[in-house]
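Enquirer: Sending over entry.cif (mmCIF, C-alpha atoms).
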```cif
data_model
loop_
_atom_site.label_atom_id
_atom_site.label_comp_id
_atom_site.auth_asym_id
_atom_site.auth_seq_id
_atom_site.Cartn_x
_atom_site.Cartn_y
_atom_site.Cartn_z
CA MET A 5 50.95 -14.48 -20.28
CA PRO A 6 50.89 -17.10 -23.05
CA LEU A 7 53.97 -16.84 -25.23
CA PHE A 8 52.06 -16.33 -28.48
CA LYS A 9 49.18 -14.21 -27.23
CA ARG A 10 48.36 -11.29 -29.54
CA ASN A 11 46.57 -7.99 -29.18
CA PRO A 12 43.60 -7.06 -31.43
CA PHE A 13 46.01 -5.82 -34.11
CA GLY A 14 47.84 -9.12 -34.33
CA HIS A 15 50.97 -7.98 -32.47
CA TYR A 16 52.63 -10.51 -30.19
CA LEU A 17 52.42 -9.22 -26.62
CA PHE A 18 55.71 -10.77 -25.49
CA LEU A 19 57.50 -8.91 -28.31
CA LYS A 20 55.69 -5.67 -27.53
CA LYS A 21 56.68 -6.05 -23.87
CA TRP A 22 60.35 -6.43 -24.76
CA LEU A 23 60.24 -3.46 -27.13
CA ILE A 24 58.78 -1.27 -24.38
CA ARG A 25 61.38 -2.54 -21.91
CA VAL A 26 64.32 -1.87 -24.25
CA PHE A 27 63.19 1.53 -25.47
CA GLY A 28 62.11 2.44 -21.95
CA ILE A 29 65.62 1.79 -20.63
CA ILE A 30 67.21 3.68 -23.54
CA SER A 31 64.94 6.70 -23.23
CA HIS A 32 64.73 6.98 -19.44
CA GLY A 33 67.78 9.23 -19.12
CA ARG A 34 66.24 11.75 -21.53
CA TYR A 35 63.71 12.62 -18.85
CA ARG A 36 65.81 12.03 -15.72
CA LYS A 37 69.48 12.66 -16.51
CA PHE A 38 69.90 14.98 -19.48
CA ASN A 39 66.68 16.84 -18.66
CA ASP A 40 64.20 16.85 -15.79
CA LEU A 41 60.56 15.86 -16.30
CA HIS A 42 58.18 17.54 -13.84
CA ILE A 43 54.94 15.56 -13.48
CA VAL A 44 51.61 16.60 -12.00
CA GLY A 45 48.58 14.33 -11.63
CA SER A 46 49.93 10.78 -11.45
CA GLU A 47 47.13 9.86 -9.02
CA ILE A 48 44.62 10.45 -11.82
CA ILE A 49 46.27 7.69 -13.88
CA ARG A 50 45.82 5.17 -11.07
CA ASN A 51 42.09 5.89 -10.82
CA LEU A 52 41.29 5.27 -14.48
CA PRO A 53 39.51 2.16 -15.82
CA ASP A 54 41.60 -0.40 -17.68
CA LYS A 55 39.85 0.24 -21.01
CA ASN A 56 38.14 2.93 -23.09
CA VAL A 57 40.32 5.83 -21.96
CA LEU A 58 41.30 8.52 -24.47
CA PHE A 59 44.21 10.83 -23.61
CA ILE A 60 44.21 14.12 -25.51
CA SER A 61 47.34 16.25 -25.54
CA ASN A 62 49.13 19.08 -27.26
CA HIS A 63 52.01 17.88 -29.42
CA GLN A 64 55.65 19.03 -29.53
CA THR A 65 57.72 16.21 -31.06
CA TYR A 66 56.91 13.08 -33.03
CA PHE A 67 58.11 10.46 -30.56
CA ALA A 68 59.46 11.99 -27.33
CA ASP A 69 55.99 13.05 -26.14
CA VAL A 70 54.58 9.53 -26.45
CA ALA A 71 57.67 7.91 -24.92
CA ALA A 72 57.38 10.19 -21.89
CA MET A 73 53.72 9.26 -21.47
CA PHE A 74 54.58 5.55 -21.57
CA HIS A 75 57.05 6.21 -18.74
CA VAL A 76 54.67 8.33 -16.68
CA PHE A 77 51.69 6.01 -17.10
CA ASN A 78 53.61 2.90 -16.11
CA ALA A 79 55.42 4.59 -13.23
CA SER A 80 52.12 5.95 -11.92
CA LEU A 81 50.46 2.53 -12.11
CA LYS A 82 53.36 1.12 -10.06
CA GLY A 83 52.79 3.66 -7.30
CA ARG A 84 55.26 6.41 -8.21
CA GLU A 85 54.07 9.82 -7.06
CA ASP A 86 54.65 12.30 -9.88
CA SER A 87 57.98 10.64 -10.58
CA ILE A 88 59.65 8.17 -12.93
CA LYS A 89 62.49 7.33 -10.54
CA ASN A 90 63.62 3.72 -10.31
CA ILE A 91 62.98 2.35 -13.78
CA GLY A 92 61.91 -1.05 -12.45
CA TYR A 93 58.33 -0.10 -13.33
CA ILE A 94 59.11 -0.69 -17.01
CA TRP A 95 59.80 -4.41 -16.49
CA ASN A 96 56.11 -5.26 -16.43
CA PRO A 97 54.49 -2.48 -18.50
CA LYS A 98 50.84 -1.97 -19.30
CA LEU A 99 50.58 -3.51 -22.76
CA ASN A 100 47.21 -2.14 -23.86
CA ILE A 101 48.43 1.44 -24.40
CA TYR A 102 48.18 2.78 -27.94
CA PHE A 103 48.90 6.07 -29.65
CA VAL A 104 47.37 7.54 -32.79
CA ALA A 105 49.97 8.52 -35.40
CA ALA A 106 50.09 9.52 -39.06
CA GLY A 107 50.72 6.47 -41.20
CA GLU A 108 53.26 8.28 -43.38
CA THR A 109 55.30 9.11 -40.27
CA MET A 110 55.30 5.54 -38.98
CA ARG A 111 56.38 4.15 -42.37
CA THR A 112 59.47 6.35 -42.79
CA GLY A 113 62.30 4.07 -41.81
CA LEU A 114 62.99 1.07 -39.61
CA LEU A 115 62.87 2.84 -36.23
CA PRO A 116 59.37 4.30 -36.70
CA LYS A 117 58.17 0.88 -37.84
CA ILE A 118 59.50 -0.63 -34.61
CA PHE A 119 57.80 2.13 -32.62
CA ALA A 120 54.60 1.33 -34.50
CA TYR A 121 54.74 -2.27 -33.30
CA ALA A 122 55.03 -0.99 -29.73
CA GLY A 123 51.59 0.56 -29.95
CA SER A 124 50.67 2.90 -32.78
CA VAL A 125 47.27 3.09 -34.42
CA SER A 126 48.29 4.47 -37.79
CA ILE A 127 45.83 6.65 -39.69
CA ASP A 128 45.87 8.56 -42.97
CA ARG A 129 45.54 12.28 -42.30
CA THR A 130 42.67 13.89 -44.19
CA TRP A 131 44.24 17.35 -44.40
CA ARG A 132 47.93 16.71 -45.06
CA SER A 133 49.94 14.17 -47.05
CA GLU A 134 53.62 14.11 -48.02
CA GLY A 135 54.07 17.76 -47.10
CA LYS A 136 51.08 19.00 -49.10
CA ASP A 137 47.60 20.15 -48.13
CA VAL A 138 44.90 17.67 -49.14
CA ASN A 139 41.18 17.26 -48.61
CA ARG A 140 40.07 13.66 -48.46
CA GLN A 141 37.47 11.58 -46.68
CA VAL A 142 38.12 9.90 -43.36
CA LYS A 143 38.78 6.18 -43.82
CA ASN A 144 36.26 4.06 -41.96
CA SER A 145 39.01 1.57 -41.18
CA ASP A 146 40.95 4.29 -39.30
CA ILE A 147 37.94 5.06 -37.10
CA SER A 148 37.34 1.35 -36.59
CA ASN A 149 40.95 0.77 -35.52
CA ILE A 150 40.81 3.58 -32.97
CA GLY A 151 37.62 2.06 -31.60
CA LYS A 152 39.31 -1.34 -31.47
CA ALA A 153 42.20 0.15 -29.48
CA LEU A 154 39.83 1.89 -27.07
CA ASN A 155 37.92 -1.33 -26.57
CA ASP A 156 41.21 -3.01 -25.63
CA GLY A 157 42.77 -0.28 -23.49
CA TRP A 158 44.10 3.29 -23.45
CA VAL A 159 44.68 5.49 -26.49
CA ILE A 160 46.84 8.62 -26.72
CA THR A 161 45.91 11.12 -29.41
CA PHE A 162 47.06 14.58 -30.42
CA PRO A 163 43.88 16.25 -31.68
CA GLN A 164 45.68 19.03 -33.56
CA GLY A 165 47.46 16.48 -35.73
CA THR A 166 50.63 18.57 -35.84
CA THR A 167 53.48 19.70 -33.61
CA THR A 168 52.85 23.36 -34.50
CA PRO A 169 51.10 25.02 -31.53
CA PHE A 170 47.65 26.61 -31.67
CA LYS A 171 46.60 24.86 -34.83
CA PRO A 172 42.87 23.99 -34.98
CA ILE A 173 41.55 20.91 -33.22
CA ARG A 174 40.55 18.27 -35.75
CA ARG A 175 36.83 17.57 -35.53
CA GLY A 176 37.52 13.86 -35.97
CA THR A 177 38.59 13.66 -32.33
CA ALA A 178 35.21 14.98 -31.22
CA HIS A 179 33.46 12.46 -33.47
CA ILE A 180 35.50 9.66 -31.89
CA ILE A 181 34.51 10.89 -28.43
CA LYS A 182 30.80 10.95 -29.32
CA THR A 183 30.98 7.57 -31.05
CA PHE A 184 32.93 5.52 -28.49
CA LYS A 185 32.18 7.53 -25.31
CA PRO A 186 35.60 7.09 -23.69
CA VAL A 187 36.86 8.64 -20.49
CA VAL A 188 38.69 11.69 -21.87
CA VAL A 189 41.83 12.74 -19.97
CA PRO A 190 43.60 15.97 -21.02
CA ILE A 191 47.39 16.26 -20.80
CA VAL A 192 49.43 19.43 -21.25
CA ILE A 193 53.14 19.08 -22.00
CA ASP A 194 55.91 21.63 -22.31
CA GLY A 195 59.69 21.71 -22.74
CA PHE A 196 59.92 18.86 -25.24
CA ARG A 197 60.26 21.20 -28.20
CA ARG A 198 63.22 22.92 -26.55
CA SER A 199 65.01 19.77 -25.43
CA PHE A 200 64.53 17.50 -28.48
CA ASP A 201 64.69 17.77 -32.23
CA LYS A 202 61.42 17.76 -34.15
CA LYS A 203 61.28 13.98 -34.39
CA GLY A 204 62.04 13.63 -30.68
CA LEU A 205 64.94 11.24 -31.25
CA SER A 206 67.94 13.50 -30.66
CA ILE A 207 68.64 15.68 -27.65
CA LYS A 208 68.89 19.27 -28.82
CA LYS A 209 69.48 20.95 -25.46
CA ARG A 210 70.21 19.66 -21.98
CA ASN A 211 69.04 20.81 -18.55
CA VAL A 212 65.62 21.78 -19.85
CA LEU A 213 62.68 21.59 -17.45
CA GLN A 214 60.07 19.43 -19.17
CA SER A 215 56.58 19.26 -17.76
CA MET A 216 53.56 16.99 -18.03
CA VAL A 217 50.30 17.96 -16.35
CA ILE A 218 47.61 15.28 -16.26
CA LYS A 219 44.18 16.79 -15.69
CA GLU A 220 40.93 15.37 -14.37
CA PRO A 221 38.74 13.66 -17.00
CA LEU A 222 36.47 15.99 -18.94
CA GLU A 223 32.76 16.08 -18.20
CA ILE A 224 31.08 15.38 -21.53
CA ASP A 225 27.44 14.85 -22.41
CA TYR A 226 28.08 12.30 -25.15
CA GLU A 227 24.50 12.32 -26.42
CA ASN A 228 23.64 16.01 -26.39
CA GLU A 229 26.83 18.04 -26.78
CA GLU A 230 27.53 19.32 -30.27
CA ILE A 231 30.80 18.54 -32.07
CA ALA A 232 31.77 22.23 -32.00
CA ASP A 233 31.25 22.38 -28.24
CA ILE A 234 33.46 19.34 -27.67
CA VAL A 235 36.14 20.85 -29.93
CA THR A 236 36.13 24.04 -27.86
CA LYS A 237 36.28 22.03 -24.66
CA ILE A 238 39.35 20.18 -25.99
CA GLU A 239 41.03 23.46 -26.99
CA PHE A 240 40.76 24.81 -23.47
CA ALA A 241 41.64 21.49 -21.79
CA ILE A 242 44.96 21.11 -23.62
CA GLU A 243 45.57 24.89 -23.50
CA GLN A 244 45.52 25.38 -27.25
CA HIS A 245 42.58 27.77 -27.46
CA PRO A 246 43.50 31.07 -29.21
CA SER A 247 43.12 32.85 -25.87
CA PHE A 248 46.38 31.16 -24.79
CA LEU A 249 48.30 32.69 -27.70
CA LYS A 250 49.57 35.52 -25.56
CA VAL A 251 52.25 33.18 -24.14
CA LEU A 252 54.07 33.18 -27.51
CA THR A 253 55.33 36.10 -29.56
CA VAL A 254 54.48 36.48 -33.23
CA LYS A 255 58.13 35.81 -34.06
CA GLU A 256 58.05 32.52 -32.14
CA ILE A 257 54.91 31.40 -33.97
CA GLU A 258 56.50 32.26 -37.33
CA GLU A 259 59.65 30.33 -36.45
CA LEU A 260 57.61 27.26 -35.44
CA SER A 261 55.67 27.43 -38.70
CA LYS A 262 58.94 27.53 -40.65
CA GLU A 263 60.17 24.47 -38.73
CA GLU A 264 56.98 22.63 -39.65
CA GLU A 265 57.37 23.51 -43.34
CA GLU A 266 60.97 22.28 -43.32
CA LEU A 267 59.94 19.02 -41.67
CA ASN A 268 57.25 18.47 -44.30
CA LYS A 269 59.94 18.82 -46.98
CA GLN A 270 62.06 16.23 -45.17
CA ARG A 271 59.10 13.88 -44.92
CA THR A 272 58.55 14.15 -48.68
CA PHE A 273 62.21 13.21 -49.18
CA TRP A 274 61.94 10.23 -46.80
CA ASN A 275 58.85 8.93 -48.59
CA SER A 276 60.55 9.25 -51.98
CA LYS A 277 63.21 6.80 -50.76
CA ASP A 278 60.75 4.04 -49.86
#
```
Show how you would write the structure in this file as structure tokens.
Expert:
Amino acid sequence: MPLFKRNPFGHYLFLKKWLIRVFGIISHGRYRKFNDLHIVGSEIIRNLPDKNVLFISNHQTYFADVAAMFHVFNASLKGREDSIKNIGYIWNPKLNIYFVAAGETMRTGLLPKIFAYAGSVSIDRTWRSEGKDVNRQVKNSDISNIGKALNDGWVITFPQGTTTPFKPIRRGTAHIIKTFKPVVVPIVIDGFRRSFDKKGLSIKKRNVLQSMVIKEPLEIDYENEEIADIVTKIEFAIEQHPSFLKVLTVKEIEELSKEEEELNKQRTFWNSKD
């Protein structure tokens, strides 16, 4: 790899590789030592094309979910069977992996900015900004950047746009699917909310069984399926359709909503310091 080769977003690949190596080594114990990550479906990762793959997943923390996926994807590509044992896989990581993240999140401090260099496609949320509800148009540049990332490799997105469970799927994800026609791979995660803080940087509880289930790509008729039908298909695929609500009590849902409100207040404070 040429020393000064860049990706489509202008990031130097040798620097991105070292960031993934360093953070991979630092974070590995969070899924192997302090907690145990149970993986299902690593063989699906190995059978995917190198480009135009969109991973859709439920969301539990800001950064721990994505970090775990970087580990699982790279371990799977190096032949690990539903395991991230032997961290040697991180030495030569897949560099064309991206994740969609709220721009305001990725601008709040030095660490998020470093994470952003490692692979984020930052977008401005149309429904939420600085802890307040908003209603604004989708930026064409955001859609274009997601398409650019898909054209270069794999993209991870969280179609609910929030870590609060059972929130509606954002229709923008369905529009992206119809526009760019990627291979759409659902992922269902669990345990991250119990083991990490909301940002996914600090370990909140040890000896938690975390899980990541990688499902077969969705069958989608890109030309004829309606946006609403794709949205429903996503809801079921990542197990966030209202019919799954029975797994949580009303009290648990209320507590998670309160956590989200508190985090929005913190985000407003962080932004005020910039």
Enquirer: Using only C-alpha atoms, which of the listed residues (A:His15, A:Lys117, A:His245, A:Arg34) sits closest to Ala68 in chain A?
Expert: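 Among A:His15, A:Lys117, A:His245, A:Arg34, it is A:Arg34 that comes nearest to Ala68 in chain A.
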Enquirer: Using the chain letters and residue numbers of this document, give as a VMD selection string the residues selected by the PyMOL selection byres ((chain A and resi 189) around 9).
Expert: chain A and resid 48 57 to 61 187 to 188 190 to 191 218 to 222 241
Enquirer: A:Tyr102, A:Phe27, A:Trp95, A:Phe18: which is nearest Ile150 in chain A, counting only C-alpha atoms?
Expert: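 Among A:Tyr102, A:Phe27, A:Trp95, A:Phe18, it is A:Tyr102 that comes nearest to Ile150 in chain A.
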Enquirer: A:Arg175, A:Tyr226, A:Arg210, A:Phe119: which is nearest Lys37 in chain A, counting only C-alpha atoms?
Expert: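 Ranked by minimum distance to Lys37 in chain A, first place goes to A:Arg210.
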Enquirer: CA of Val212 in chain A to CA of Asn39 in chain A: how many Å, to one decimal?
Expert: 5.2 Å
Enquirer: Do you know which residues the PyMOL selection byres ((chain A and resi 81-89) around 10) returns on this file, as a VMD selection string?
Expert: chain A and resid 32 35 to 36 41 to 52 72 75 to 80 90 to 94 96 to 98 216 to 218
Enquirer: Can you translate the PyMOL selection byres ((chain A and resi 202) around 8) into the concrete residues it hits in this file, as a VMD selection string?
Expert: chain A and resid 64 to 66 197 200 to 201 203 to 205 267
Enquirer: Residues near Gly195 in chain A, anyone? I mean within 8 Å using only C-alpha atoms, not counting same-chain ones fewer than 3 positions away, as a PDB file with C-alpha atoms, keeping the file's coordinate frame.
Expert:
```
ATOM      1  CA  ARG A 198      63.220  22.920 -26.550  1.00  0.00           C
ATOM      2  CA  SER A 199      65.010  19.770 -25.430  1.00  0.00           C
ATOM      3  CA  VAL A 212      65.620  21.780 -19.850  1.00  0.00           C
ATOM      4  CA  LEU A 213      62.680  21.590 -17.450  1.00  0.00           C
ATOM      5  CA  GLN A 214      60.070  19.430 -19.170  1.00  0.00           C
ATOM      6  CA  SER A 215      56.580  19.260 -17.760  1.00  0.00           C
TER       7      SER A 215
END
```
Enquirer: So the first atom is CA of Leu19 in chain A and the second is CA of Phe74 in chain A; what is the distance between them in Å, to one decimal place?
Expert: 16.2 Å
Enquirer: Can you find the residues with an atom no farther than 12 Å from (28.9, 17.9, -24.3), counting only C-alpha atoms, and report them as JSON, numbers by chain?
Expert: {"A": [178, 179, 181, 182, 185, 188, 222, 223, 224, 225, 226, 227, 228, 229, 230, 231, 232, 233, 234, 235, 236, 237, 238]}
Enquirer: What is the distance between CA of Ile118 in chain A and CA of Asn100 in chain A, in Å to one decimal?
Expert: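 Result for CA of Ile118 in chain A versus CA of Asn100 in chain A: 16.4 Å, one decimal.
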Enquirer: Dump as a list in words all residues having an atom at most 9 Å from (45.1, 30.9, -30.7), computed in the file's coordinates with all atoms listed in the file.
Expert: Pro169, Phe170, Lys171, Pro172, Gln244, His245, Pro246, Ser247, Phe248, Leu249 and Lys250 of chain A
Enquirer: Name the residues in contact with Asn149 in chain A at a cut-off of 8 Å, using only C-alpha atoms, excluding same-chain residues fewer than 4 positions from it; report them as a count of residues only.
Expert: 3
Enquirer: I want to know what sits within 12 Å of Phe13 in chain A, based on only C-alpha atoms, with residues of the same chain fewer than 3 positions away left out; could you give that as a compact mmCIF listing (two decimals) with C-alpha atoms, in the frame of the given file?
Expert:
```
# COMPACT_ATOMS: atom_id res chain seq x y z
CA LYS A 9 49.18 -14.21 -27.23
CA ARG A 10 48.36 -11.29 -29.54
CA TYR A 16 52.63 -10.51 -30.19
CA LEU A 17 52.42 -9.22 -26.62
CA LYS A 20 55.69 -5.67 -27.53
CA ASN A 100 47.21 -2.14 -23.86
CA TYR A 102 48.18 2.78 -27.94
CA ALA A 120 54.60 1.33 -34.50
CA TYR A 121 54.74 -2.27 -33.30
CA ALA A 122 55.03 -0.99 -29.73
CA GLY A 123 51.59 0.56 -29.95
CA SER A 124 50.67 2.90 -32.78
CA VAL A 125 47.27 3.09 -34.42
CA SER A 126 48.29 4.47 -37.79
CA SER A 148 37.34 1.35 -36.59
CA ASN A 149 40.95 0.77 -35.52
CA ILE A 150 40.81 3.58 -32.97
CA GLY A 151 37.62 2.06 -31.60
CA LYS A 152 39.31 -1.34 -31.47
CA ALA A 153 42.20 0.15 -29.48
CA ASN A 155 37.92 -1.33 -26.57
CA ASP A 156 41.21 -3.01 -25.63
```
Enquirer: My list of candidates is A:Pro116, A:Pro163, A:Gly14, A:Gly176. Which is closest to Ile242 in chain A when distances are computed with only C-alpha atoms?
Expert: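 Of all the options, A:Pro163 lies closest to Ile242 in chain A.
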